[in-house]
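Structure file structure-v5.cif (mmCIF, C-alpha atoms) is printed below.
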data_entry
loop_
_atom_site.label_atom_id
_atom_site.label_comp_id
_atom_site.auth_asym_id
_atom_site.auth_seq_id
_atom_site.Cartn_x
_atom_site.Cartn_y
_atom_site.Cartn_z
CA MET A 28 5.65 -39.02 -4.04
CA ARG A 29 2.61 -39.71 -6.20
CA ILE A 30 0.41 -36.92 -7.55
CA SER A 31 -1.96 -37.42 -4.61
CA GLY A 32 0.95 -36.84 -2.21
CA LEU A 33 2.00 -33.74 -4.13
CA SER A 34 -1.57 -32.48 -3.82
CA ALA A 35 -1.64 -33.19 -0.09
CA ALA A 36 1.75 -31.49 0.44
CA THR A 37 0.68 -28.28 -1.28
CA GLY A 38 -3.10 -28.12 -0.84
CA VAL A 39 -3.50 -27.88 -4.62
CA PRO A 40 -6.24 -30.25 -5.91
CA VAL A 41 -5.07 -33.14 -8.11
CA ALA A 42 -7.12 -31.86 -11.07
CA THR A 43 -5.38 -28.49 -10.79
CA VAL A 44 -1.94 -30.12 -10.62
CA LYS A 45 -2.79 -32.02 -13.82
CA TYR A 46 -3.89 -28.78 -15.44
CA TYR A 47 -0.56 -27.10 -14.58
CA LEU A 48 1.28 -30.14 -16.01
CA ARG A 49 -0.70 -29.96 -19.25
CA GLU A 50 -0.15 -26.19 -19.51
CA GLY A 51 3.60 -26.60 -18.99
CA LEU A 52 3.73 -24.59 -15.77
CA LEU A 53 4.88 -27.61 -13.80
CA HIS A 54 7.68 -29.87 -15.02
CA PRO A 55 6.80 -33.57 -15.54
CA GLY A 56 7.50 -36.11 -12.82
CA GLU A 57 9.59 -39.24 -13.26
CA ARG A 58 7.47 -41.78 -15.16
CA THR A 59 6.89 -45.08 -13.36
CA GLY A 60 4.14 -46.45 -15.61
CA ALA A 61 1.71 -45.55 -18.37
CA THR A 62 -0.37 -43.33 -16.09
CA GLN A 63 1.88 -42.85 -13.08
CA ALA A 64 4.78 -40.60 -12.20
CA LEU A 65 6.75 -39.66 -9.12
CA TYR A 66 7.21 -36.11 -7.91
CA ASP A 67 9.76 -34.58 -5.55
CA GLU A 68 10.50 -31.44 -3.56
CA SER A 69 11.21 -29.50 -6.74
CA HIS A 70 7.56 -30.00 -7.70
CA VAL A 71 6.37 -28.86 -4.29
CA ALA A 72 8.48 -25.69 -4.55
CA ARG A 73 7.33 -24.98 -8.09
CA LEU A 74 3.66 -25.46 -7.18
CA ARG A 75 3.98 -23.02 -4.27
CA LEU A 76 5.58 -20.51 -6.60
CA ILE A 77 2.81 -20.94 -9.20
CA ARG A 78 0.11 -20.46 -6.57
CA ALA A 79 1.83 -17.36 -5.17
CA LEU A 80 2.14 -15.78 -8.61
CA LEU A 81 -1.48 -16.57 -9.47
CA THR A 82 -3.15 -15.54 -6.23
CA VAL A 83 -1.02 -12.83 -4.65
CA GLY A 84 0.69 -11.69 -7.83
CA GLY A 85 -2.63 -11.69 -9.67
CA LEU A 86 -1.02 -13.02 -12.86
CA THR A 87 -2.86 -15.01 -15.51
CA VAL A 88 -1.82 -18.59 -16.29
CA ALA A 89 -0.22 -17.36 -19.51
CA ALA A 90 1.75 -14.69 -17.64
CA VAL A 91 2.92 -17.23 -15.05
CA ARG A 92 4.17 -19.43 -17.89
CA ASP A 93 6.12 -16.51 -19.38
CA VAL A 94 7.65 -15.70 -16.01
CA LEU A 95 8.62 -19.31 -15.30
CA ARG A 96 10.12 -19.68 -18.77
CA SER A 97 12.17 -16.55 -18.22
CA LEU A 98 13.76 -18.27 -15.22
CA GLU A 99 15.27 -20.81 -17.65
CA HIS A 100 17.23 -18.21 -19.61
CA ASP A 101 20.98 -18.24 -19.12
CA ASP A 102 21.18 -14.59 -19.98
CA MET A 103 20.01 -12.67 -16.93
CA LEU A 104 19.15 -9.45 -18.74
CA GLU A 105 17.14 -11.40 -21.32
CA ALA A 106 15.32 -13.23 -18.54
CA LEU A 107 14.48 -10.01 -16.77
CA ALA A 108 13.15 -8.45 -19.96
CA THR A 109 10.92 -11.48 -20.65
CA ALA A 110 9.71 -11.51 -17.08
CA GLN A 111 8.99 -7.79 -17.06
CA GLU A 112 6.56 -8.27 -19.94
CA GLY A 113 4.84 -11.23 -18.29
CA LEU A 114 4.56 -9.39 -15.00
CA SER A 115 3.03 -6.25 -16.38
CA PRO A 116 -0.64 -5.53 -16.79
CA LYS A 117 -1.55 -5.35 -20.47
CA LEU A 118 -1.54 -1.67 -21.32
CA ALA A 119 -2.69 0.13 -24.43
CA ASP A 120 0.23 0.93 -26.73
CA SER A 121 -1.25 4.30 -27.48
CA VAL A 122 -0.79 5.75 -24.00
CA ASP A 123 0.79 9.22 -23.97
CA LEU A 124 4.14 8.91 -22.20
CA SER A 125 5.10 12.58 -22.10
CA ALA A 126 3.91 13.42 -18.57
CA ALA A 127 5.58 10.32 -17.13
CA GLN A 128 8.79 10.91 -19.09
CA GLN A 129 8.92 14.49 -17.93
CA ALA A 130 8.35 13.48 -14.30
CA VAL A 131 11.08 10.83 -14.43
CA GLY A 132 13.34 13.21 -16.34
CA THR A 133 13.39 15.61 -13.39
CA LEU A 134 14.54 12.72 -11.16
CA GLY A 135 17.65 12.09 -13.23
CA TRP A 136 17.07 8.33 -13.29
CA ARG A 137 18.69 6.14 -15.93
CA VAL A 138 15.66 4.24 -17.25
CA GLY A 139 14.16 3.09 -20.53
CA MET A 140 12.09 6.08 -21.62
CA GLU A 141 9.67 3.76 -23.46
CA SER A 142 9.86 0.78 -21.10
CA THR A 143 6.85 -1.08 -19.78
CA ALA A 144 7.34 0.50 -16.37
CA MET A 145 7.23 3.95 -17.98
CA ARG A 146 3.92 3.02 -19.61
CA GLN A 147 2.63 1.81 -16.25
CA LEU A 148 3.55 5.16 -14.73
CA ALA A 149 1.87 7.02 -17.58
CA VAL A 150 -1.38 5.08 -17.09
CA ALA A 151 -1.22 5.54 -13.32
CA LEU A 152 -0.66 9.31 -13.58
CA ARG A 153 -3.50 9.61 -16.07
CA ALA A 154 -5.88 7.77 -13.74
CA VAL A 155 -4.95 9.98 -10.79
CA SER A 156 -5.56 13.04 -12.93
CA ASP A 157 -8.84 11.71 -14.38
CA ALA A 158 -10.12 10.99 -10.89
CA GLY A 159 -9.43 14.61 -9.92
CA LEU A 160 -6.87 13.64 -7.28
CA PRO A 161 -4.02 16.05 -6.51
CA LEU A 162 -0.42 15.03 -7.28
CA THR A 163 2.13 17.80 -6.97
CA THR A 164 5.66 17.56 -8.31
CA GLU A 165 6.81 17.52 -4.71
CA SER A 166 4.53 14.59 -3.81
CA LEU A 167 5.66 12.66 -6.87
CA ARG A 168 9.26 13.20 -5.83
CA HIS A 169 8.37 11.93 -2.39
CA TYR A 170 6.94 8.70 -3.86
CA ALA A 171 9.99 8.43 -6.10
CA ASP A 172 12.40 8.82 -3.17
CA ALA A 173 10.59 6.12 -1.21
CA ALA A 174 10.53 3.82 -4.25
CA HIS A 175 14.23 4.38 -4.88
CA ARG A 176 15.20 3.59 -1.30
CA ILE A 177 13.16 0.39 -1.55
CA ALA A 178 14.81 -0.57 -4.86
CA GLU A 179 18.29 0.07 -3.47
CA ARG A 180 17.60 -2.24 -0.56
CA GLU A 181 15.99 -4.89 -2.77
CA ILE A 182 18.87 -4.97 -5.22
CA GLY A 183 21.38 -4.84 -2.37
CA ASN A 184 19.74 -7.97 -0.92
CA MET A 185 19.92 -9.90 -4.21
CA PRO A 186 21.52 -13.35 -3.76
CA THR A 187 24.95 -13.69 -5.39
CA ASP A 188 24.25 -17.10 -6.93
CA GLY A 189 23.07 -16.61 -10.54
CA ALA A 190 19.96 -18.82 -10.57
CA GLU A 191 18.84 -17.65 -7.14
CA ALA A 192 19.46 -14.05 -8.11
CA LEU A 193 17.22 -14.48 -11.12
CA THR A 194 14.38 -16.04 -9.13
CA TYR A 195 14.71 -13.27 -6.58
CA ALA A 196 14.61 -10.54 -9.22
CA VAL A 197 11.77 -11.98 -11.27
CA VAL A 198 9.54 -13.40 -8.56
CA GLY A 199 10.39 -10.67 -6.08
CA THR A 200 9.25 -8.00 -8.50
CA VAL A 201 5.73 -9.34 -8.12
CA LEU A 202 5.65 -10.82 -4.64
CA TYR A 203 7.19 -8.03 -2.59
CA GLU A 204 4.65 -5.56 -4.03
CA PRO A 205 1.72 -6.79 -1.91
CA VAL A 206 3.91 -6.58 1.22
CA LEU A 207 4.60 -2.92 0.52
CA LEU A 208 0.95 -2.18 -0.30
CA ALA A 209 -0.37 -3.89 2.83
CA LEU A 210 2.16 -1.98 4.96
CA ARG A 211 1.07 1.29 3.33
CA ARG A 212 -2.55 0.63 4.31
CA LEU A 213 -1.55 -0.32 7.84
CA ALA A 214 0.56 2.85 8.02
CA HIS A 215 -2.53 4.83 6.98
CA GLN A 216 -4.31 3.36 10.00
CA ASP A 217 -1.44 4.23 12.30
CA VAL A 218 -1.04 7.80 11.02
CA SER A 219 -4.84 8.42 11.03
CA GLU A 220 -5.08 7.12 14.55
CA ARG A 221 -2.29 9.42 15.71
CA VAL A 222 -3.67 12.46 13.85
CA LEU A 223 -7.44 11.99 14.23
CA GLY A 224 -7.99 9.43 16.96
CA PRO A 225 -8.40 9.79 20.72
CA THR A 226 -5.14 10.57 22.46
CA MET B 8 -25.50 17.02 -22.99
CA ARG B 9 -27.22 13.89 -24.33
CA ILE B 10 -25.87 10.41 -23.62
CA SER B 11 -24.04 10.49 -26.98
CA GLY B 12 -22.26 13.69 -25.88
CA LEU B 13 -21.36 12.13 -22.55
CA SER B 14 -19.91 9.16 -24.42
CA ALA B 15 -17.93 11.45 -26.72
CA ALA B 16 -16.62 13.51 -23.79
CA THR B 17 -15.32 10.48 -21.90
CA GLY B 18 -14.57 7.90 -24.59
CA VAL B 19 -16.90 5.44 -22.85
CA PRO B 20 -19.27 3.69 -25.32
CA VAL B 21 -22.99 4.53 -24.99
CA ALA B 22 -23.85 0.90 -24.21
CA THR B 23 -21.33 0.95 -21.34
CA VAL B 24 -22.72 4.23 -19.99
CA LYS B 25 -26.20 2.64 -19.99
CA TYR B 26 -24.81 -0.37 -18.17
CA TYR B 27 -23.29 1.83 -15.44
CA LEU B 28 -26.65 3.67 -15.14
CA ARG B 29 -28.53 0.36 -14.74
CA GLU B 30 -26.00 -0.91 -12.20
CA GLY B 31 -26.28 2.28 -10.16
CA LEU B 32 -22.63 3.31 -10.59
CA LEU B 33 -23.63 6.47 -12.44
CA HIS B 34 -26.38 8.79 -11.14
CA PRO B 35 -29.36 9.37 -13.50
CA GLY B 36 -29.45 12.42 -15.77
CA GLU B 37 -32.24 14.97 -15.83
CA ARG B 38 -35.20 13.44 -17.71
CA THR B 39 -36.35 15.34 -20.77
CA GLY B 40 -38.61 12.69 -22.27
CA ALA B 41 -39.59 9.02 -22.02
CA THR B 42 -36.24 7.83 -23.36
CA GLN B 43 -34.05 10.92 -23.09
CA ALA B 44 -32.09 12.60 -20.34
CA LEU B 45 -29.49 15.34 -20.05
CA TYR B 46 -26.11 14.86 -18.43
CA ASP B 47 -23.61 17.38 -17.06
CA GLU B 48 -20.04 17.72 -15.85
CA SER B 49 -20.83 15.71 -12.71
CA HIS B 50 -21.52 12.72 -14.98
CA VAL B 51 -18.27 13.24 -16.87
CA ALA B 52 -16.32 13.34 -13.59
CA ARG B 53 -18.08 10.29 -12.21
CA LEU B 54 -17.48 8.29 -15.41
CA ARG B 55 -13.75 9.12 -15.33
CA LEU B 56 -13.63 7.97 -11.72
CA ILE B 57 -15.45 4.72 -12.52
CA ARG B 58 -13.07 3.99 -15.41
CA ALA B 59 -10.02 4.73 -13.27
CA LEU B 60 -11.20 2.44 -10.48
CA LEU B 61 -12.03 -0.36 -12.93
CA THR B 62 -8.95 -0.24 -15.10
CA VAL B 63 -6.08 1.06 -12.99
CA GLY B 64 -7.54 0.12 -9.61
CA GLY B 65 -8.48 -3.31 -10.95
CA LEU B 66 -11.75 -3.33 -8.99
CA THR B 67 -14.83 -5.30 -10.00
CA VAL B 68 -18.08 -3.50 -10.85
CA ALA B 69 -19.51 -4.59 -7.49
CA ALA B 70 -16.45 -3.22 -5.65
CA VAL B 71 -16.67 0.08 -7.52
CA ARG B 72 -20.31 0.36 -6.45
CA ASP B 73 -19.34 -0.24 -2.80
CA VAL B 74 -16.62 2.38 -3.01
CA LEU B 75 -18.88 4.96 -4.67
CA ARG B 76 -21.63 4.33 -2.11
CA SER B 77 -19.14 4.82 0.69
CA LEU B 78 -18.51 8.34 -0.66
CA GLU B 79 -22.15 9.18 0.19
CA HIS B 80 -21.75 8.46 3.90
CA ASP B 81 -21.80 11.46 6.21
CA ASP B 82 -19.69 9.62 8.74
CA MET B 83 -16.13 9.63 7.47
CA LEU B 84 -14.90 6.69 9.53
CA GLU B 85 -17.89 4.62 8.40
CA ALA B 86 -17.22 5.58 4.78
CA LEU B 87 -13.58 4.60 5.06
CA ALA B 88 -14.46 1.25 6.59
CA THR B 89 -16.95 0.49 3.78
CA ALA B 90 -14.47 1.58 1.17
CA GLN B 91 -11.64 -0.46 2.68
CA GLU B 92 -13.72 -3.61 2.22
CA GLY B 93 -14.60 -2.75 -1.39
CA LEU B 94 -11.02 -1.93 -2.20
CA SER B 95 -9.50 -5.09 -0.84
CA PRO B 96 -8.92 -8.28 -2.71
CA LYS B 97 -11.19 -11.01 -1.40
CA LEU B 98 -9.07 -12.99 1.03
CA ALA B 99 -9.76 -16.26 2.77
CA ASP B 100 -10.99 -15.71 6.33
CA SER B 101 -8.89 -18.58 7.54
CA VAL B 102 -5.52 -16.97 6.91
CA ASP B 103 -3.11 -17.20 9.86
CA LEU B 104 -2.45 -13.66 11.07
CA SER B 105 0.21 -14.40 13.67
CA ALA B 106 3.33 -13.70 11.58
CA ALA B 107 1.87 -10.43 10.30
CA GLN B 108 0.68 -9.38 13.76
CA GLN B 109 4.08 -10.14 15.22
CA ALA B 110 5.85 -8.17 12.49
CA VAL B 111 3.57 -5.15 12.94
CA GLY B 112 3.82 -5.49 16.72
CA THR B 113 7.56 -4.85 16.60
CA LEU B 114 6.86 -1.61 14.68
CA GLY B 115 4.70 -0.19 17.47
CA TRP B 116 1.97 0.88 15.05
CA ARG B 117 -1.58 1.50 16.28
CA VAL B 118 -3.57 -0.64 13.85
CA GLY B 119 -6.50 -3.04 13.85
CA MET B 120 -4.87 -6.37 14.62
CA GLU B 121 -7.58 -8.20 12.63
CA SER B 122 -8.19 -5.55 9.98
CA THR B 123 -8.38 -6.26 6.27
CA ALA B 124 -4.96 -4.70 5.76
CA MET B 125 -3.51 -7.07 8.37
CA ARG B 126 -4.97 -9.99 6.44
CA GLN B 127 -3.48 -8.61 3.24
CA LEU B 128 -0.08 -8.48 4.92
CA ALA B 129 -0.48 -12.03 6.22
CA VAL B 130 -1.28 -13.33 2.73
CA ALA B 131 1.59 -11.36 1.21
CA LEU B 132 4.12 -12.62 3.77
CA ARG B 133 2.93 -16.18 3.26
CA ALA B 134 3.37 -15.89 -0.53
CA VAL B 135 6.90 -14.53 -0.15
CA SER B 136 7.74 -17.38 2.16
CA ASP B 137 6.08 -20.02 -0.06
CA ALA B 138 8.04 -18.77 -3.04
CA GLY B 139 11.28 -19.22 -1.08
CA LEU B 140 12.12 -15.53 -1.20
CA PRO B 141 14.12 -14.01 1.67
CA LEU B 142 12.54 -11.38 3.91
CA THR B 143 14.53 -10.50 7.00
CA THR B 144 13.13 -8.52 9.92
CA GLU B 145 15.42 -5.71 8.88
CA SER B 146 14.10 -5.68 5.31
CA LEU B 147 10.52 -5.73 6.53
CA ARG B 148 11.28 -2.76 8.76
CA HIS B 149 12.77 -1.01 5.74
CA TYR B 150 9.55 -1.54 3.74
CA ALA B 151 7.55 -0.41 6.76
CA ASP B 152 9.59 2.79 7.16
CA ALA B 153 9.10 3.64 3.48
CA ALA B 154 5.36 2.87 3.71
CA HIS B 155 5.02 5.01 6.83
CA ARG B 156 6.77 7.99 5.27
CA ILE B 157 4.43 7.69 2.27
CA ALA B 158 1.35 7.47 4.50
CA GLU B 159 2.42 10.52 6.52
CA ARG B 160 2.77 12.54 3.35
CA GLU B 161 -0.52 11.25 1.91
CA ILE B 162 -2.50 12.05 5.04
CA GLY B 163 -0.73 15.39 5.38
CA ASN B 164 -1.88 16.26 1.85
CA MET B 165 -5.51 15.39 2.55
CA PRO B 166 -7.89 18.22 1.54
CA THR B 167 -9.57 19.98 4.49
CA ASP B 168 -13.05 20.01 2.93
CA GLY B 169 -15.00 16.98 4.19
CA ALA B 170 -16.34 15.58 0.92
CA GLU B 171 -13.08 16.17 -0.93
CA ALA B 172 -11.14 14.62 1.92
CA LEU B 173 -13.27 11.51 1.68
CA THR B 174 -12.82 11.17 -2.08
CA TYR B 175 -9.10 11.68 -1.63
CA ALA B 176 -8.87 9.05 1.10
CA VAL B 177 -11.04 6.43 -0.58
CA VAL B 178 -10.05 6.86 -4.21
CA GLY B 179 -6.46 7.73 -3.38
CA THR B 180 -6.04 4.47 -1.49
CA VAL B 181 -6.44 2.66 -4.80
CA LEU B 182 -5.17 5.11 -7.39
CA TYR B 183 -1.88 6.20 -5.84
CA GLU B 184 -0.81 2.55 -5.49
CA PRO B 185 0.00 2.07 -9.20
CA VAL B 186 2.08 5.28 -9.16
CA LEU B 187 4.20 3.90 -6.35
CA LEU B 188 4.54 0.48 -8.00
CA ALA B 189 5.52 1.93 -11.37
CA LEU B 190 8.13 4.14 -9.70
CA ARG B 191 9.53 1.13 -7.83
CA ARG B 192 10.03 -0.72 -11.13
CA LEU B 193 11.63 2.32 -12.72
CA ALA B 194 13.87 2.67 -9.67
CA HIS B 195 14.92 -0.98 -10.16
CA GLN B 196 16.04 -0.02 -13.66
CA ASP B 197 17.98 2.96 -12.38
CA VAL B 198 19.67 1.09 -9.53
CA SER B 199 20.50 -1.94 -11.77
CA GLU B 200 21.94 0.34 -14.38
CA ARG B 201 24.16 2.05 -11.82
CA VAL B 202 25.23 -1.22 -10.17
CA LEU B 203 25.51 -3.57 -13.17
CA GLY B 204 25.55 -1.43 -16.28
CA PRO B 205 28.42 0.13 -18.25
CA THR B 206 29.89 3.11 -16.46
#

Mind turning the file's structure into structure tokens?
Amino acid sequence: MRISGLSAATGVPVATVKYYLREGLLHPGERTGATQALYDESHVARLRLIRALLTVGGLTVAAVRDVLRSLEHDDMLEALATAQEGLSPKLADSVDLSAAQQAVGTLGWRVGMESTAMRQLAVALRAVSDAGLPLTTESLRHYADAAHRIAEREIGNMPTDGAEALTYAVVGTVLYEPVLLALRRLAHQDVSERVLGPT
Amino acid sequence: MRISGLSAATGVPVATVKYYLREGLLHPGERTGATQALYDESHVARLRLIRALLTVGGLTVAAVRDVLRSLEHDDMLEALATAQEGLSPKLADSVDLSAAQQAVGTLGWRVGMESTAMRQLAVALRAVSDAGLPLTTESLRHYADAAHRIAEREIGNMPTDGAEALTYAVVGTVLYEPVLLALRRLAHQDVSERVLGPT
């Protein structure tokens, strides 16, 4: 299909498609002339992925590019590491990790004690504390148990094919998050209704 | 304390404190002259809350103002409704809710079938599907079970004092999310390490 057809198939304006091509987010089509190229289903799929990462994932264009590049790595662990950086909010390097490390230490998890996720946890715990919200050790363990059950299921569901597994791991890290968060808010409605609402 | 002391106590630059005062995010201090005012611990607490909502919660200044105003409502349900809007990413009104409504319908939850959270779920499910990621009914139920257990615990922990309960509900909706997400990513590390790593 031409670029206009690609735009129609995905709902992404032609100017935006051109922008993604220039920025290297979208791979070039097959050239058929000085100013024309043909696009196929791989372009449709890639455009949907880009839009999902930008809108629902909330990534910047630069972060999307990092994530997409990581999908081209042959080495899966390398790809995951690259993706993890691209997927993470930019955090100050100077954040104090001790409270987060101590909390995770009591869980007995095998994790990078200075990993990006650990820094995310440190920032999150600090914000909860700064806002004056309670968070007992028991509640933290409760969140951790729920998170671990989710992770077990997610990794158990990983496709066995290498390339698919990588897409699942990298893209799923971002795109399953909003599903979980939306369900948490709906669950708040359900629990409130049962506890506080008319019977 | 003077504005310079407030800045020192919170790490927020004086110019930023003045901006929050102008925008109505921070309540005025006690006037002691034409250009001077005194601030107290309530200003320190409010500034920490504003920073947490902006940085970790990822809210805009306008959304923070909506959330803070909702804390002044006497009617708790009204306050929660106002806050829910402020806390939510701006979503297109035209999103198709049927897949999300059907999914939640099978759970038997009592929720607003056209609520903001339902729209969030619809957008999230659409993004997962657009990206070509798998999401079986069973996996969705697994996320839902985890989310429900979290919500039960969160609502069970709600303070009994009215004003504190409101702060907990409104601010906690945003600020516990990053804790859960960071723990999910750390759990991925732990599970991967156990499944794939050296024994």

Using all atoms listed in the file, the shortest atom-to-atom distance to chain A among B:Ser105, B:Ser49, B:Thr23, B:Gln127 belongs to B:Gln127

Enumerate, in order of chain and increasing residue number, the residues of chain B with an atom no farther than 7 Å from chain A, each with its shortest atom pair and distance in Å to one decimal, counting only C-alpha atoms, as JSON lines.
{"residue": "B:Arg55", "atom": "CA", "partner": "A:Asp157", "partner_atom": "CA", "distance": 5.6}
{"residue": "B:Leu56", "atom": "CA", "partner": "A:Ala158", "partner_atom": "CA", "distance": 4.7}
{"residue": "B:Ala59", "atom": "CA", "partner": "A:Ala154", "partner_atom": "CA", "distance": 5.2}
{"residue": "B:Val63", "atom": "CA", "partner": "A:Ala151", "partner_atom": "CA", "distance": 6.6}
{"residue": "B:Trp116", "atom": "CA", "partner": "A:Asp217", "partner_atom": "CA", "distance": 5.5}
{"residue": "B:Arg117", "atom": "CA", "partner": "A:Asp217", "partner_atom": "CA", "distance": 4.8}
{"residue": "B:Val118", "atom": "CA", "partner": "A:Asp217", "partner_atom": "CA", "distance": 5.5}
{"residue": "B:Ala124", "atom": "CA", "partner": "A:Ala209", "partner_atom": "CA", "distance": 5.5}
{"residue": "B:Gln127", "atom": "CA", "partner": "A:Ala209", "partner_atom": "CA", "distance": 5.7}
{"residue": "B:Leu128", "atom": "CA", "partner": "A:Ala209", "partner_atom": "CA", "distance": 5.1}
{"residue": "B:Ala131", "atom": "CA", "partner": "A:Val206", "partner_atom": "CA", "distance": 5.3}
{"residue": "B:Leu132", "atom": "CA", "partner": "A:Val206", "partner_atom": "CA", "distance": 6.6}
{"residue": "B:Ala134", "atom": "CA", "partner": "A:Ala79", "partner_atom": "CA", "distance": 5.1}
{"residue": "B:Val135", "atom": "CA", "partner": "A:Leu202", "partner_atom": "CA", "distance": 6.0}
{"residue": "B:Asp137", "atom": "CA", "partner": "A:Arg75", "partner_atom": "CA", "distance": 5.6}
{"residue": "B:Ala138", "atom": "CA", "partner": "A:Leu76", "partner_atom": "CA", "distance": 4.7}
{"residue": "B:Leu140", "atom": "CA", "partner": "A:Tyr195", "partner_atom": "CA", "distance": 6.4}
{"residue": "B:Tyr150", "atom": "CA", "partner": "A:Leu207", "partner_atom": "CA", "distance": 6.1}
{"residue": "B:Ala151", "atom": "CA", "partner": "A:Leu210", "partner_atom": "CA", "distance": 5.9}
{"residue": "B:Ala153", "atom": "CA", "partner": "A:Ala173", "partner_atom": "CA", "distance": 5.5}
{"residue": "B:Ala154", "atom": "CA", "partner": "A:Arg211", "partner_atom": "CA", "distance": 4.6}
{"residue": "B:His155", "atom": "CA", "partner": "A:Ala214", "partner_atom": "CA", "distance": 5.1}
{"residue": "B:Ile157", "atom": "CA", "partner": "A:Tyr170", "partner_atom": "CA", "distance": 6.7}
{"residue": "B:Ala158", "atom": "CA", "partner": "A:His215", "partner_atom": "CA", "distance": 5.3}
{"residue": "B:Glu159", "atom": "CA", "partner": "A:Val218", "partner_atom": "CA", "distance": 6.3}
{"residue": "B:Tyr175", "atom": "CA", "partner": "A:Leu160", "partner_atom": "CA", "distance": 6.4}
{"residue": "B:Leu182", "atom": "CA", "partner": "A:Val155", "partner_atom": "CA", "distance": 5.9}
{"residue": "B:Tyr183", "atom": "CA", "partner": "A:Val155", "partner_atom": "CA", "distance": 6.9}
{"residue": "B:Pro185", "atom": "CA", "partner": "A:Ala151", "partner_atom": "CA", "distance": 5.5}
{"residue": "B:Val186", "atom": "CA", "partner": "A:Ala151", "partner_atom": "CA", "distance": 5.3}
{"residue": "B:Leu187", "atom": "CA", "partner": "A:Tyr170", "partner_atom": "CA", "distance": 6.1}
{"residue": "B:Ala189", "atom": "CA", "partner": "A:Leu148", "partner_atom": "CA", "distance": 5.1}
{"residue": "B:Leu190", "atom": "CA", "partner": "A:Ala171", "partner_atom": "CA", "distance": 5.9}
{"residue": "B:Arg191", "atom": "CA", "partner": "A:Ala174", "partner_atom": "CA", "distance": 4.6}
{"residue": "B:Arg192", "atom": "CA", "partner": "A:Ala144", "partner_atom": "CA", "distance": 6.0}
{"residue": "B:Leu193", "atom": "CA", "partner": "A:Ala144", "partner_atom": "CA", "distance": 5.9}
{"residue": "B:Ala194", "atom": "CA", "partner": "A:His175", "partner_atom": "CA", "distance": 5.1}
{"residue": "B:His195", "atom": "CA", "partner": "A:Ala178", "partner_atom": "CA", "distance": 5.3}
{"residue": "B:Gln196", "atom": "CA", "partner": "A:Val138", "partner_atom": "CA", "distance": 5.6}
{"residue": "B:Asp197", "atom": "CA", "partner": "A:Arg137", "partner_atom": "CA", "distance": 4.8}
{"residue": "B:Val198", "atom": "CA", "partner": "A:Glu179", "partner_atom": "CA", "distance": 6.3}
{"residue": "B:Glu200", "atom": "CA", "partner": "A:Arg137", "partner_atom": "CA", "distance": 6.8}

- Message: One decimal, in Å: what's the spacing between atom CA of Glu79 of chain B and atom CA of His34 of chain B?
- Response: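 According to the coordinates, atom CA of Glu79 of chain B and atom CA of His34 of chain B are separated by 12.1 Å.
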
Centre, edges in Å (one decimal): axis-aligned box, segment 146-156 of chain A, 6 Å padding on all six sides, as JSON:
{"center_x": -1.0, "center_y": 7.4, "center_z": -15.2, "size_x": 21.8, "size_y": 23.2, "size_z": 20.8}

Problem set entry | Between atom CA of Glu48 of chain B and atom CA of Ser11 of chain B, distance in Å (one decimal) |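 Taking atom CA of Glu48 of chain B as the start and atom CA of Ser11 of chain B as the end point, the length is 13.9 Å.
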
Margin query: Rounded to one decimal, what separation in Å do you get between atom CA of Thr39 of chain B and atom CA of Arg76 of chain B?
Written below: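 Atom CA of Arg76 of chain B lies at a distance of 26.2 Å from atom CA of Thr39 of chain B.
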
Contact residues around segment 42-44 of chain B with only C-alpha atoms at 12 Å, ignoring same-chain residues under 2 positions, as a ChimeraX atom specification | /B:8-13,25,28,34-40,46-47,50

For C-alpha atoms, please extract segment 121-145 of chain B from the block and return it as an mmCIF file, in the first residue's frame.
data_model
loop_
_atom_site.group_PDB
_atom_site.id
_atom_site.type_symbol
_atom_site.label_atom_id
_atom_site.label_comp_id
_atom_site.auth_asym_id
_atom_site.auth_seq_id
_atom_site.Cartn_x
_atom_site.Cartn_y
_atom_site.Cartn_z
ATOM 1 C CA GLU B 121 -19.141 4.090 31.935
ATOM 2 C CA SER B 122 -16.755 5.320 34.626
ATOM 3 C CA THR B 123 -13.349 6.809 33.930
ATOM 4 C CA ALA B 124 -11.681 3.636 35.168
ATOM 5 C CA MET B 125 -13.721 1.609 32.669
ATOM 6 C CA ARG B 126 -12.491 3.889 29.906
ATOM 7 C CA GLN B 127 -8.932 3.440 31.136
ATOM 8 C CA LEU B 128 -9.378 -0.319 30.949
ATOM 9 C CA ALA B 129 -10.849 -0.069 27.447
ATOM 10 C CA VAL B 130 -7.868 1.967 26.225
ATOM 11 C CA ALA B 131 -5.410 -0.386 27.924
ATOM 12 C CA LEU B 132 -7.020 -3.514 26.425
ATOM 13 C CA ARG B 133 -7.047 -1.910 22.997
ATOM 14 C CA ALA B 134 -3.328 -1.073 23.244
ATOM 15 C CA VAL B 135 -2.454 -4.633 24.264
ATOM 16 C CA SER B 136 -4.445 -5.949 21.346
ATOM 17 C CA ASP B 137 -2.991 -3.410 18.874
ATOM 18 C CA ALA B 138 0.514 -4.356 19.939
ATOM 19 C CA GLY B 139 -0.262 -8.009 19.181
ATOM 20 C CA LEU B 140 0.244 -9.083 22.785
ATOM 21 C CA PRO B 141 -1.732 -12.060 24.113
ATOM 22 C CA LEU B 142 -4.294 -11.560 26.877
ATOM 23 C CA THR B 143 -6.505 -14.546 27.569
ATOM 24 C CA THR B 144 -9.664 -14.383 29.670
ATOM 25 C CA GLU B 145 -7.823 -16.431 32.257
#
